[in-house]
Amino acid sequence: MKADAVFEGGGVKGIGLVGAIYYAETEKNVEWMNIAGTSAGAIVASLLAAGYKAGEIKDIMFDLDFNRLKDEGTLDRFSVPGKILSILLENGIYEGKFIEDFMAGLLAKKGVNTFKDLLIPGEDNPRYKYKLNVIASDISRGKLLILPNDIKDYGIDPDQFSVARAVRMSMSIPIFYEPVKIETRNMEGMPDKCYIVDGGLLSNYPVWLFDSVGEKPAWPTIGFRLIEPDYGIPRKITNPLNFILAIVSTLQEAHDERHIQDLNFKRTIAIKTHGVKTTEFDITPERRNLLFQSGFAAAKKFFSSFNKQEYDLIHPNFLRPQAFLNSLRLNNVTRHNR
């Protein structure tokens, strides 16, 4: 079975995504074609695109000391005052250098450094030209970025853009990590600086990314989504902090949630997170295994009822409104009949 894969972001909870792809690969022999992800989903997606198997990714996630992702700069080492200064002066606490270097090393082992190494031979459609697509958010220009294609808007050649850098951009949780800064020029040709943060700010679950317009897909898109214990329960807003957090959560979830409702979960593997937090970097081996097994069970349940013919019949319901496609500058992009 061939399928495209789209992975939601969720920090440490991304271990659940690995359990799901492990089942898909070992029990259903799924071959992944186009792959996309946001934040932690971008980490999993990039490793798959580079050629790692689910079993290898499992070993990586189980061996990784997640606390190393909290790499502190000079200011951060001065306890709370230092971290506050880091937020004020650098727009974030942790550097994010560890994860970028870590990913660069893993990808290099499979011969992947830039997106040129992930080119699909003979494909010129921007959405399918590279095996991997990574979602990030430019808060300076207020736009969703689909990398590597959108990096050309900053005067950078997509072929030469670092895959590890794209992943670093996508997982830059606002305030927690310093944003990635791109020196560029504005429309008037004057020097400009753009701040790139977590793709989840605008689309944490871009299951729509590989949809076509008016064309039945050659194979299905399967989405991997992390479901919280309080999913579907209205948020309680009792103070200003709750109010701000609710705004951020709505930014991350509302657009994707509407699309998921339209899909009726027909192509979503819903993975329970069992209360594991996004930044639970001191996660125990037992809770890692709990997440992995949760993903494995979710995929098993999904594939027990998945039917490609039914997917094809309901596919028109998956097509995004033309006006929204226009806003993403994808209205003239249609998928090749492969």
# chains A, B, ... in the order shown; residues from 1 in each chain; ligands from 1

call {"tool": "residues_around", "arguments": {"residues": "Pro148 (chain A)", "least_positions_apart": "2", "cutoff": "8 Å", "atoms": "only C-alpha atoms", "output": "list of chain:residue names"}}
result
A:Phe115, A:Asn133, A:Val134, A:Ile146, A:Asp150, A:Ile151, A:Lys152, A:Pro158, A:Asp159, A:Phe161, A:Ala166

call {"tool": "residues_around", "arguments": {"residues": "Gly142 (chain A)", "least_positions_apart": "3", "cutoff": "12 Å", "atoms": "only C-alpha atoms", "output": "ChimeraX atom specification"}}
result
/A:136-139,145,194-197,199,201-202

call {"tool": "write_last_selection", "arguments": {"atoms": "all heavy atoms", "output": "PDB file, in the first residue's frame"}}
result
ATOM      1  N   ALA A 136       6.057  25.824   8.922  1.00  0.00           N
ATOM      2  CA  ALA A 136       6.562  26.808   9.888  1.00  0.00           C
ATOM      3  C   ALA A 136       5.701  28.069   9.787  1.00  0.00           C
ATOM      4  O   ALA A 136       4.845  28.175   8.896  1.00  0.00           O
ATOM      5  CB  ALA A 136       8.033  27.126   9.617  1.00  0.00           C
ATOM      6  N   SER A 137       5.925  29.013  10.698  1.00  0.00           N
ATOM      7  CA  SER A 137       5.129  30.245  10.722  1.00  0.00           C
ATOM      8  C   SER A 137       6.047  31.457  10.745  1.00  0.00           C
ATOM      9  O   SER A 137       6.931  31.554  11.604  1.00  0.00           O
ATOM     10  CB  SER A 137       4.230  30.273  11.968  1.00  0.00           C
ATOM     11  OG  SER A 137       3.404  29.135  12.042  1.00  0.00           O
ATOM     12  N   ASP A 138       5.839  32.376   9.812  1.00  0.00           N
ATOM     13  CA  ASP A 138       6.567  33.645   9.789  1.00  0.00           C
ATOM     14  C   ASP A 138       5.698  34.686  10.482  1.00  0.00           C
ATOM     15  O   ASP A 138       4.710  35.162   9.912  1.00  0.00           O
ATOM     16  CB  ASP A 138       6.857  34.059   8.340  1.00  0.00           C
ATOM     17  CG  ASP A 138       7.645  35.364   8.244  1.00  0.00           C
ATOM     18  OD1 ASP A 138       7.712  36.101   9.257  1.00  0.00           O
ATOM     19  OD2 ASP A 138       8.168  35.661   7.171  1.00  0.00           O
ATOM     20  N   ILE A 139       6.049  35.033  11.724  1.00  0.00           N
ATOM     21  CA  ILE A 139       5.219  35.981  12.469  1.00  0.00           C
ATOM     22  C   ILE A 139       5.514  37.422  12.084  1.00  0.00           C
ATOM     23  O   ILE A 139       4.774  38.331  12.469  1.00  0.00           O
ATOM     24  CB  ILE A 139       5.381  35.795  13.994  1.00  0.00           C
ATOM     25  CG1 ILE A 139       6.842  35.990  14.418  1.00  0.00           C
ATOM     26  CG2 ILE A 139       4.874  34.433  14.425  1.00  0.00           C
ATOM     27  CD1 ILE A 139       7.029  36.001  15.929  1.00  0.00           C
ATOM     28  N   LEU A 145       4.290  29.025   6.247  1.00  0.00           N
ATOM     29  CA  LEU A 145       5.368  28.626   5.352  1.00  0.00           C
ATOM     30  C   LEU A 145       5.314  27.127   5.108  1.00  0.00           C
ATOM     31  O   LEU A 145       5.219  26.344   6.061  1.00  0.00           O
ATOM     32  CB  LEU A 145       6.733  28.981   5.939  1.00  0.00           C
ATOM     33  CG  LEU A 145       7.021  30.446   6.228  1.00  0.00           C
ATOM     34  CD1 LEU A 145       8.431  30.595   6.779  1.00  0.00           C
ATOM     35  CD2 LEU A 145       6.854  31.292   4.975  1.00  0.00           C
ATOM     36  N   CYS A 194      13.082  38.616   9.390  1.00  0.00           N
ATOM     37  CA  CYS A 194      11.857  37.866   9.632  1.00  0.00           C
ATOM     38  C   CYS A 194      12.083  36.844  10.742  1.00  0.00           C
ATOM     39  O   CYS A 194      13.156  36.241  10.837  1.00  0.00           O
ATOM     40  CB  CYS A 194      11.404  37.150   8.362  1.00  0.00           C
ATOM     41  SG  CYS A 194      10.853  38.263   7.051  1.00  0.00           S
ATOM     42  N   TYR A 195      11.065  36.669  11.571  1.00  0.00           N
ATOM     43  CA  TYR A 195      11.136  35.741  12.695  1.00  0.00           C
ATOM     44  C   TYR A 195      10.250  34.531  12.402  1.00  0.00           C
ATOM     45  O   TYR A 195       9.031  34.670  12.196  1.00  0.00           O
ATOM     46  CB  TYR A 195      10.688  36.435  13.983  1.00  0.00           C
ATOM     47  CG  TYR A 195      11.643  37.524  14.431  1.00  0.00           C
ATOM     48  CD1 TYR A 195      11.569  38.812  13.900  1.00  0.00           C
ATOM     49  CD2 TYR A 195      12.631  37.251  15.378  1.00  0.00           C
ATOM     50  CE1 TYR A 195      12.448  39.806  14.302  1.00  0.00           C
ATOM     51  CE2 TYR A 195      13.519  38.243  15.779  1.00  0.00           C
ATOM     52  CZ  TYR A 195      13.416  39.506  15.248  1.00  0.00           C
ATOM     53  OH  TYR A 195      14.299  40.490  15.635  1.00  0.00           O
ATOM     54  N   ILE A 196      10.869  33.347  12.415  1.00  0.00           N
ATOM     55  CA  ILE A 196      10.159  32.116  12.080  1.00  0.00           C
ATOM     56  C   ILE A 196       9.984  31.282  13.341  1.00  0.00           C
ATOM     57  O   ILE A 196      10.943  31.032  14.080  1.00  0.00           O
ATOM     58  CB  ILE A 196      10.931  31.295  11.024  1.00  0.00           C
ATOM     59  CG1 ILE A 196      11.411  32.198   9.878  1.00  0.00           C
ATOM     60  CG2 ILE A 196      10.055  30.161  10.517  1.00  0.00           C
ATOM     61  CD1 ILE A 196      10.328  32.907   9.124  1.00  0.00           C
ATOM     62  N   VAL A 197       8.744  30.835  13.586  1.00  0.00           N
ATOM     63  CA  VAL A 197       8.444  30.046  14.781  1.00  0.00           C
ATOM     64  C   VAL A 197       7.676  28.780  14.411  1.00  0.00           C
ATOM     65  O   VAL A 197       7.467  28.479  13.224  1.00  0.00           O
ATOM     66  CB  VAL A 197       7.637  30.876  15.813  1.00  0.00           C
ATOM     67  CG1 VAL A 197       8.404  32.117  16.225  1.00  0.00           C
ATOM     68  CG2 VAL A 197       6.266  31.266  15.255  1.00  0.00           C
ATOM     69  N   GLY A 199       5.449  25.872  13.383  1.00  0.00           N
ATOM     70  CA  GLY A 199       4.398  25.789  12.376  1.00  0.00           C
ATOM     71  C   GLY A 199       3.033  25.558  12.974  1.00  0.00           C
ATOM     72  O   GLY A 199       2.007  25.899  12.377  1.00  0.00           O
ATOM     73  N   LEU A 201       1.574  27.105  15.141  1.00  0.00           N
ATOM     74  CA  LEU A 201       0.874  28.353  15.404  1.00  0.00           C
ATOM     75  C   LEU A 201      -0.217  28.597  14.363  1.00  0.00           C
ATOM     76  O   LEU A 201      -1.256  29.186  14.654  1.00  0.00           O
ATOM     77  CB  LEU A 201       1.865  29.523  15.411  1.00  0.00           C
ATOM     78  CG  LEU A 201       1.365  30.856  15.960  1.00  0.00           C
ATOM     79  CD1 LEU A 201       1.037  30.732  17.442  1.00  0.00           C
ATOM     80  CD2 LEU A 201       2.401  31.941  15.738  1.00  0.00           C
ATOM     81  N   LEU A 202       0.016  28.140  13.129  1.00  0.00           N
ATOM     82  CA  LEU A 202      -0.943  28.358  12.046  1.00  0.00           C
ATOM     83  C   LEU A 202      -1.584  27.071  11.530  1.00  0.00           C
ATOM     84  O   LEU A 202      -2.717  27.087  11.080  1.00  0.00           O
ATOM     85  CB  LEU A 202      -0.268  29.096  10.886  1.00  0.00           C
ATOM     86  CG  LEU A 202       0.193  30.516  11.196  1.00  0.00           C
ATOM     87  CD1 LEU A 202       0.872  31.145   9.989  1.00  0.00           C
ATOM     88  CD2 LEU A 202      -0.977  31.382  11.641  1.00  0.00           C
TER      89      LEU A 202
END

call {"tool": "closest_residue", "arguments": {"among": "A:Ala3, A:Leu144, A:Ala164, A:Gly155", "to": "Ser46 (chain A)", "atoms": "only C-alpha atoms"}}
result
A:Ala164

call {"tool": "residues_around", "arguments": {"residues": "Thr273 (chain A)", "least_positions_apart": "5", "cutoff": "9 Å", "atoms": "only C-alpha atoms", "output": "short mmCIF file (atom, residue, chain, number, x, y, z; two decimals) with C-alpha atoms, in the first residue's frame"}}
result
data_model
loop_
_atom_site.label_atom_id
_atom_site.label_comp_id
_atom_site.auth_asym_id
_atom_site.auth_seq_id
_atom_site.Cartn_x
_atom_site.Cartn_y
_atom_site.Cartn_z
CA LYS A 13 4.14 13.30 22.54
CA GLY A 16 3.06 8.23 19.78
CA LEU A 226 -2.38 13.38 18.87
CA ILE A 227 -5.57 13.44 20.94
CA GLU A 228 -5.55 14.99 24.42
CA PRO A 229 -7.58 13.54 27.33
CA LEU A 290 2.86 4.07 26.90
CA LEU A 291 2.87 6.63 24.08
CA SER A 294 -0.92 4.07 22.15
CA GLY A 295 0.19 4.95 18.62
#

call {"tool": "atom_distance", "arguments": {"atom1": "CA of Trp32 (chain A)", "atom2": "CA of Asp211 (chain A)"}}
result
15.6 Å

call {"tool": "residues_around", "arguments": {"residues": "Gly41 (chain A)", "least_positions_apart": "4", "cutoff": "8 Å", "atoms": "only C-alpha atoms", "output": "mmCIF file with C-alpha atoms, in the first residue's frame"}}
result
data_model
loop_
_atom_site.group_PDB
_atom_site.id
_atom_site.type_symbol
_atom_site.label_atom_id
_atom_site.label_comp_id
_atom_site.auth_asym_id
_atom_site.auth_seq_id
_atom_site.Cartn_x
_atom_site.Cartn_y
_atom_site.Cartn_z
ATOM 1 C CA VAL A 6 1.067 13.998 7.515
ATOM 2 C CA PHE A 7 2.181 14.274 11.143
ATOM 3 C CA GLU A 8 0.829 16.621 13.798
ATOM 4 C CA GLY A 9 3.129 18.466 16.179
ATOM 5 C CA GLY A 10 3.197 17.782 19.898
ATOM 6 C CA GLY A 14 5.567 12.673 19.069
ATOM 7 C CA LEU A 17 3.469 9.025 16.082
ATOM 8 C CA ALA A 36 4.850 16.322 5.806
ATOM 9 C CA GLY A 37 4.847 17.418 9.414
ATOM 10 C CA ALA A 45 8.578 13.198 8.878
#

call {"tool": "closest_residue", "arguments": {"among": "A:Asn186, A:Thr38, A:Ser86, A:Asn91", "to": "Pro174 (chain A)", "atoms": "only C-alpha atoms"}}
result
A:Asn91

call {"tool": "residues_around", "arguments": {"residues": "region 121-131 of chain A", "least_positions_apart": "4", "cutoff": "7 Å", "atoms": "only C-alpha atoms", "output": "PyMOL selection string"}}
result
chain A and resi 33-35+49+115+149

call {"tool": "select_by_dssp", "arguments": {"residues": "region 63-221 of chain A", "states": "strand (DSSP E or B)", "output": "PyMOL selection string"}}
result
chain A and resi 92-94+114+119+130+132-138+143-147+162+174-177+180-185+191-198+221

call {"tool": "residues_around", "arguments": {"residues": "region 176-185 of chain A", "least_positions_apart": "5", "cutoff": "7 Å", "atoms": "only C-alpha atoms", "output": "list of chain:residue names"}}
result
A:Glu90, A:Asn91, A:Gly92, A:Ile93, A:Tyr94, A:Glu95, A:Gly96, A:Tyr154, A:Met169, A:Met190, A:Pro191, A:Asp192, A:Lys193, A:Cys194, A:Tyr195, A:Ile196, A:Val197

call {"tool": "write_last_selection", "arguments": {"atoms": "all heavy atoms", "output": "short mmCIF file (atom, residue, chain, number, x, y, z; two decimals), in the first residue's frame"}}
result
data_model
loop_
_atom_site.label_atom_id
_atom_site.label_comp_id
_atom_site.auth_asym_id
_atom_site.auth_seq_id
_atom_site.Cartn_x
_atom_site.Cartn_y
_atom_site.Cartn_z
N GLU A 90 16.09 38.13 23.41
CA GLU A 90 16.24 37.15 22.33
C GLU A 90 14.94 36.51 21.91
O GLU A 90 14.91 35.63 21.06
CB GLU A 90 17.24 36.06 22.77
CG GLU A 90 18.63 36.63 23.10
CD GLU A 90 19.56 35.58 23.69
OE1 GLU A 90 19.05 34.60 24.29
OE2 GLU A 90 20.78 35.73 23.54
N ASN A 91 13.82 36.94 22.52
CA ASN A 91 12.47 36.47 22.17
C ASN A 91 12.24 34.99 22.45
O ASN A 91 11.35 34.37 21.86
CB ASN A 91 12.17 36.77 20.69
CG ASN A 91 12.28 38.22 20.36
OD1 ASN A 91 11.61 39.05 20.96
ND2 ASN A 91 13.16 38.57 19.42
N GLY A 92 13.04 34.41 23.33
CA GLY A 92 12.85 33.01 23.68
C GLY A 92 13.88 32.57 24.69
O GLY A 92 14.91 33.23 24.87
N ILE A 93 13.61 31.44 25.35
CA ILE A 93 14.51 30.97 26.40
C ILE A 93 15.62 30.09 25.84
O ILE A 93 16.80 30.43 25.93
CB ILE A 93 13.72 30.20 27.48
CG1 ILE A 93 12.67 31.10 28.13
CG2 ILE A 93 14.68 29.64 28.54
CD1 ILE A 93 11.74 30.38 29.08
N TYR A 94 15.27 28.97 25.24
CA TYR A 94 16.27 27.99 24.84
C TYR A 94 16.75 28.23 23.41
O TYR A 94 16.03 28.77 22.57
CB TYR A 94 15.72 26.58 25.02
CG TYR A 94 15.33 26.30 26.45
CD1 TYR A 94 14.00 26.18 26.83
CD2 TYR A 94 16.32 26.21 27.43
CE1 TYR A 94 13.66 25.96 28.16
CE2 TYR A 94 15.98 25.98 28.76
CZ TYR A 94 14.64 25.86 29.12
OH TYR A 94 14.31 25.65 30.44
N GLU A 95 17.97 27.80 23.14
CA GLU A 95 18.65 28.13 21.89
C GLU A 95 18.12 27.36 20.68
O GLU A 95 18.06 27.88 19.57
CB GLU A 95 20.16 27.85 22.04
CG GLU A 95 20.82 28.57 23.20
CD GLU A 95 20.80 30.08 23.01
OE1 GLU A 95 21.36 30.57 22.02
OE2 GLU A 95 20.22 30.76 23.89
N GLY A 96 17.81 26.08 20.87
CA GLY A 96 17.37 25.26 19.74
C GLY A 96 18.51 24.72 18.90
O GLY A 96 18.29 24.05 17.89
N TYR A 154 12.52 34.38 0.41
CA TYR A 154 13.52 35.07 1.22
C TYR A 154 14.88 35.10 0.52
O TYR A 154 15.91 35.37 1.14
CB TYR A 154 13.65 34.38 2.58
CG TYR A 154 12.34 34.31 3.34
CD1 TYR A 154 11.45 33.27 3.10
CD2 TYR A 154 11.99 35.29 4.25
CE1 TYR A 154 10.24 33.20 3.76
CE2 TYR A 154 10.78 35.23 4.93
CZ TYR A 154 9.90 34.18 4.67
OH TYR A 154 8.69 34.13 5.32
N MET A 169 13.12 25.36 12.48
CA MET A 169 12.11 26.41 12.35
C MET A 169 10.75 25.91 12.82
O MET A 169 10.04 26.58 13.58
CB MET A 169 12.01 26.88 10.90
CG MET A 169 13.19 27.68 10.40
SD MET A 169 12.99 28.07 8.64
CE MET A 169 14.30 29.26 8.40
N MET A 190 14.81 47.11 0.88
CA MET A 190 15.52 47.49 2.09
C MET A 190 15.77 46.26 2.98
O MET A 190 14.99 45.31 2.95
CB MET A 190 14.70 48.53 2.87
CG MET A 190 14.42 49.79 2.09
SD MET A 190 15.95 50.67 1.66
CE MET A 190 16.50 51.18 3.30
N PRO A 191 16.87 46.27 3.76
CA PRO A 191 17.15 45.15 4.66
C PRO A 191 15.97 44.88 5.59
O PRO A 191 15.34 45.82 6.10
CB PRO A 191 18.39 45.63 5.44
CG PRO A 191 19.04 46.61 4.52
CD PRO A 191 17.92 47.31 3.82
N ASP A 192 15.69 43.62 5.82
CA ASP A 192 14.55 43.22 6.63
C ASP A 192 14.92 41.99 7.43
O ASP A 192 15.84 41.26 7.07
CB ASP A 192 13.34 42.93 5.73
CG ASP A 192 12.03 42.91 6.50
OD1 ASP A 192 12.04 43.28 7.68
OD2 ASP A 192 11.02 42.50 5.91
N LYS A 193 14.23 41.77 8.53
CA LYS A 193 14.48 40.59 9.36
C LYS A 193 13.15 39.92 9.65
O LYS A 193 12.20 40.57 10.10
CB LYS A 193 15.17 41.00 10.66
CG LYS A 193 15.57 39.81 11.55
CD LYS A 193 16.22 40.29 12.84
CE LYS A 193 17.55 40.96 12.56
NZ LYS A 193 18.24 41.36 13.82
N CYS A 194 13.08 38.62 9.39
CA CYS A 194 11.86 37.87 9.63
C CYS A 194 12.08 36.84 10.74
O CYS A 194 13.16 36.24 10.84
CB CYS A 194 11.40 37.15 8.36
SG CYS A 194 10.85 38.26 7.05
N TYR A 195 11.06 36.67 11.57
CA TYR A 195 11.14 35.74 12.69
C TYR A 195 10.25 34.53 12.40
O TYR A 195 9.03 34.67 12.20
CB TYR A 195 10.69 36.44 13.98
CG TYR A 195 11.64 37.52 14.43
CD1 TYR A 195 11.57 38.81 13.90
CD2 TYR A 195 12.63 37.25 15.38
CE1 TYR A 195 12.45 39.81 14.30
CE2 TYR A 195 13.52 38.24 15.78
CZ TYR A 195 13.42 39.51 15.25
OH TYR A 195 14.30 40.49 15.64
N ILE A 196 10.87 33.35 12.41
CA ILE A 196 10.16 32.12 12.08
C ILE A 196 9.98 31.28 13.34
O ILE A 196 10.94 31.03 14.08
CB ILE A 196 10.93 31.30 11.02
CG1 ILE A 196 11.41 32.20 9.88
CG2 ILE A 196 10.05 30.16 10.52
CD1 ILE A 196 10.33 32.91 9.12
N VAL A 197 8.74 30.83 13.59
CA VAL A 197 8.44 30.05 14.78
C VAL A 197 7.68 28.78 14.41
O VAL A 197 7.47 28.48 13.22
CB VAL A 197 7.64 30.88 15.81
CG1 VAL A 197 8.40 32.12 16.22
CG2 VAL A 197 6.27 31.27 15.26
#

call {"tool": "decode", "arguments": {"residues": "region 295-306 of chain A", "atoms": "all heavy atoms", "output": "CSV table (one decimal), in the first residue's frame"}}
result
chain,number,residue,atom,x,y,z
A,295,GLY,N,0.1,4.7,20.1
A,295,GLY,CA,0.2,4.9,18.6
A,295,GLY,C,0.0,3.6,17.9
A,295,GLY,O,-0.7,3.6,16.8
A,296,PHE,N,0.6,2.6,18.3
A,296,PHE,CA,0.5,1.3,17.7
A,296,PHE,C,-0.9,0.8,17.7
A,296,PHE,O,-1.5,0.4,16.7
A,296,PHE,CB,1.4,0.3,18.5
A,296,PHE,CG,1.5,-1.1,17.8
A,296,PHE,CD1,2.6,-1.4,17.0
A,296,PHE,CD2,0.6,-2.1,18.1
A,296,PHE,CE1,2.7,-2.6,16.4
A,296,PHE,CE2,0.7,-3.3,17.5
A,296,PHE,CZ,1.7,-3.6,16.6
A,297,ALA,N,-1.6,1.0,18.9
A,297,ALA,CA,-3.0,0.5,19.0
A,297,ALA,C,-3.9,1.4,18.1
A,297,ALA,O,-4.9,0.9,17.5
A,297,ALA,CB,-3.5,0.6,20.4
A,298,ALA,N,-3.6,2.7,18.0
A,298,ALA,CA,-4.5,3.6,17.2
A,298,ALA,C,-4.4,3.2,15.7
A,298,ALA,O,-5.4,3.2,15.0
A,298,ALA,CB,-4.1,5.0,17.4
A,299,ALA,N,-3.2,2.9,15.3
A,299,ALA,CA,-3.0,2.5,13.9
A,299,ALA,C,-3.7,1.2,13.6
A,299,ALA,O,-4.3,1.0,12.5
A,299,ALA,CB,-1.5,2.5,13.5
A,300,LYS,N,-3.6,0.3,14.5
A,300,LYS,CA,-4.2,-1.0,14.3
A,300,LYS,C,-5.7,-0.8,14.2
A,300,LYS,O,-6.3,-1.4,13.3
A,300,LYS,CB,-3.9,-1.9,15.5
A,300,LYS,CG,-4.5,-3.3,15.4
A,300,LYS,CD,-4.1,-4.2,16.6
A,300,LYS,CE,-4.6,-5.6,16.5
A,300,LYS,NZ,-4.2,-6.4,17.6
A,301,LYS,N,-6.3,0.0,15.0
A,301,LYS,CA,-7.7,0.3,14.9
A,301,LYS,C,-8.1,1.0,13.6
A,301,LYS,O,-9.1,0.6,13.0
A,301,LYS,CB,-8.2,1.2,16.1
A,301,LYS,CG,-9.6,1.5,16.1
A,301,LYS,CD,-10.0,2.4,17.3
A,301,LYS,CE,-11.5,2.8,17.3
A,301,LYS,NZ,-11.8,3.7,18.4
A,302,PHE,N,-7.3,1.9,13.2
A,302,PHE,CA,-7.5,2.6,11.9
A,302,PHE,C,-7.5,1.7,10.7
A,302,PHE,O,-8.4,1.7,9.9
A,302,PHE,CB,-6.5,3.7,11.8
A,302,PHE,CG,-6.5,4.4,10.4
A,302,PHE,CD1,-7.4,5.5,10.2
A,302,PHE,CD2,-5.7,4.0,9.4
A,302,PHE,CE1,-7.4,6.2,9.0
A,302,PHE,CE2,-5.8,4.7,8.2
A,302,PHE,CZ,-6.6,5.7,8.0
A,303,PHE,N,-6.5,0.9,10.6
A,303,PHE,CA,-6.3,0.0,9.4
A,303,PHE,C,-7.3,-1.1,9.4
A,303,PHE,O,-7.6,-1.7,8.4
A,303,PHE,CB,-4.9,-0.5,9.3
A,303,PHE,CG,-3.9,0.5,8.8
A,303,PHE,CD1,-3.0,1.1,9.6
A,303,PHE,CD2,-4.0,0.8,7.4
A,303,PHE,CE1,-2.2,2.1,9.1
A,303,PHE,CE2,-3.1,1.8,6.9
A,303,PHE,CZ,-2.2,2.4,7.8
A,304,SER,N,-7.9,-1.4,10.6
A,304,SER,CA,-8.9,-2.5,10.6
A,304,SER,C,-10.2,-2.2,9.9
A,304,SER,O,-10.9,-3.0,9.5
A,304,SER,CB,-9.2,-2.9,12.1
A,304,SER,OG,-10.0,-1.8,12.7
A,305,SER,N,-10.4,-0.9,9.7
A,305,SER,CA,-11.6,-0.4,9.0
A,305,SER,C,-11.3,0.4,7.8
A,305,SER,O,-12.3,0.8,7.1
A,305,SER,CB,-12.5,0.4,10.0
A,305,SER,OG,-11.8,1.5,10.4
A,306,PHE,N,-10.0,0.7,7.5
A,306,PHE,CA,-9.7,1.5,6.3
A,306,PHE,C,-9.9,0.8,5.0
A,306,PHE,O,-9.5,-0.4,4.9
A,306,PHE,CB,-8.3,2.0,6.4
A,306,PHE,CG,-7.9,2.9,5.3
A,306,PHE,CD1,-8.2,4.2,5.3
A,306,PHE,CD2,-7.2,2.4,4.2
A,306,PHE,CE1,-7.9,5.1,4.2
A,306,PHE,CE2,-6.8,3.2,3.1
A,306,PHE,CZ,-7.2,4.5,3.1
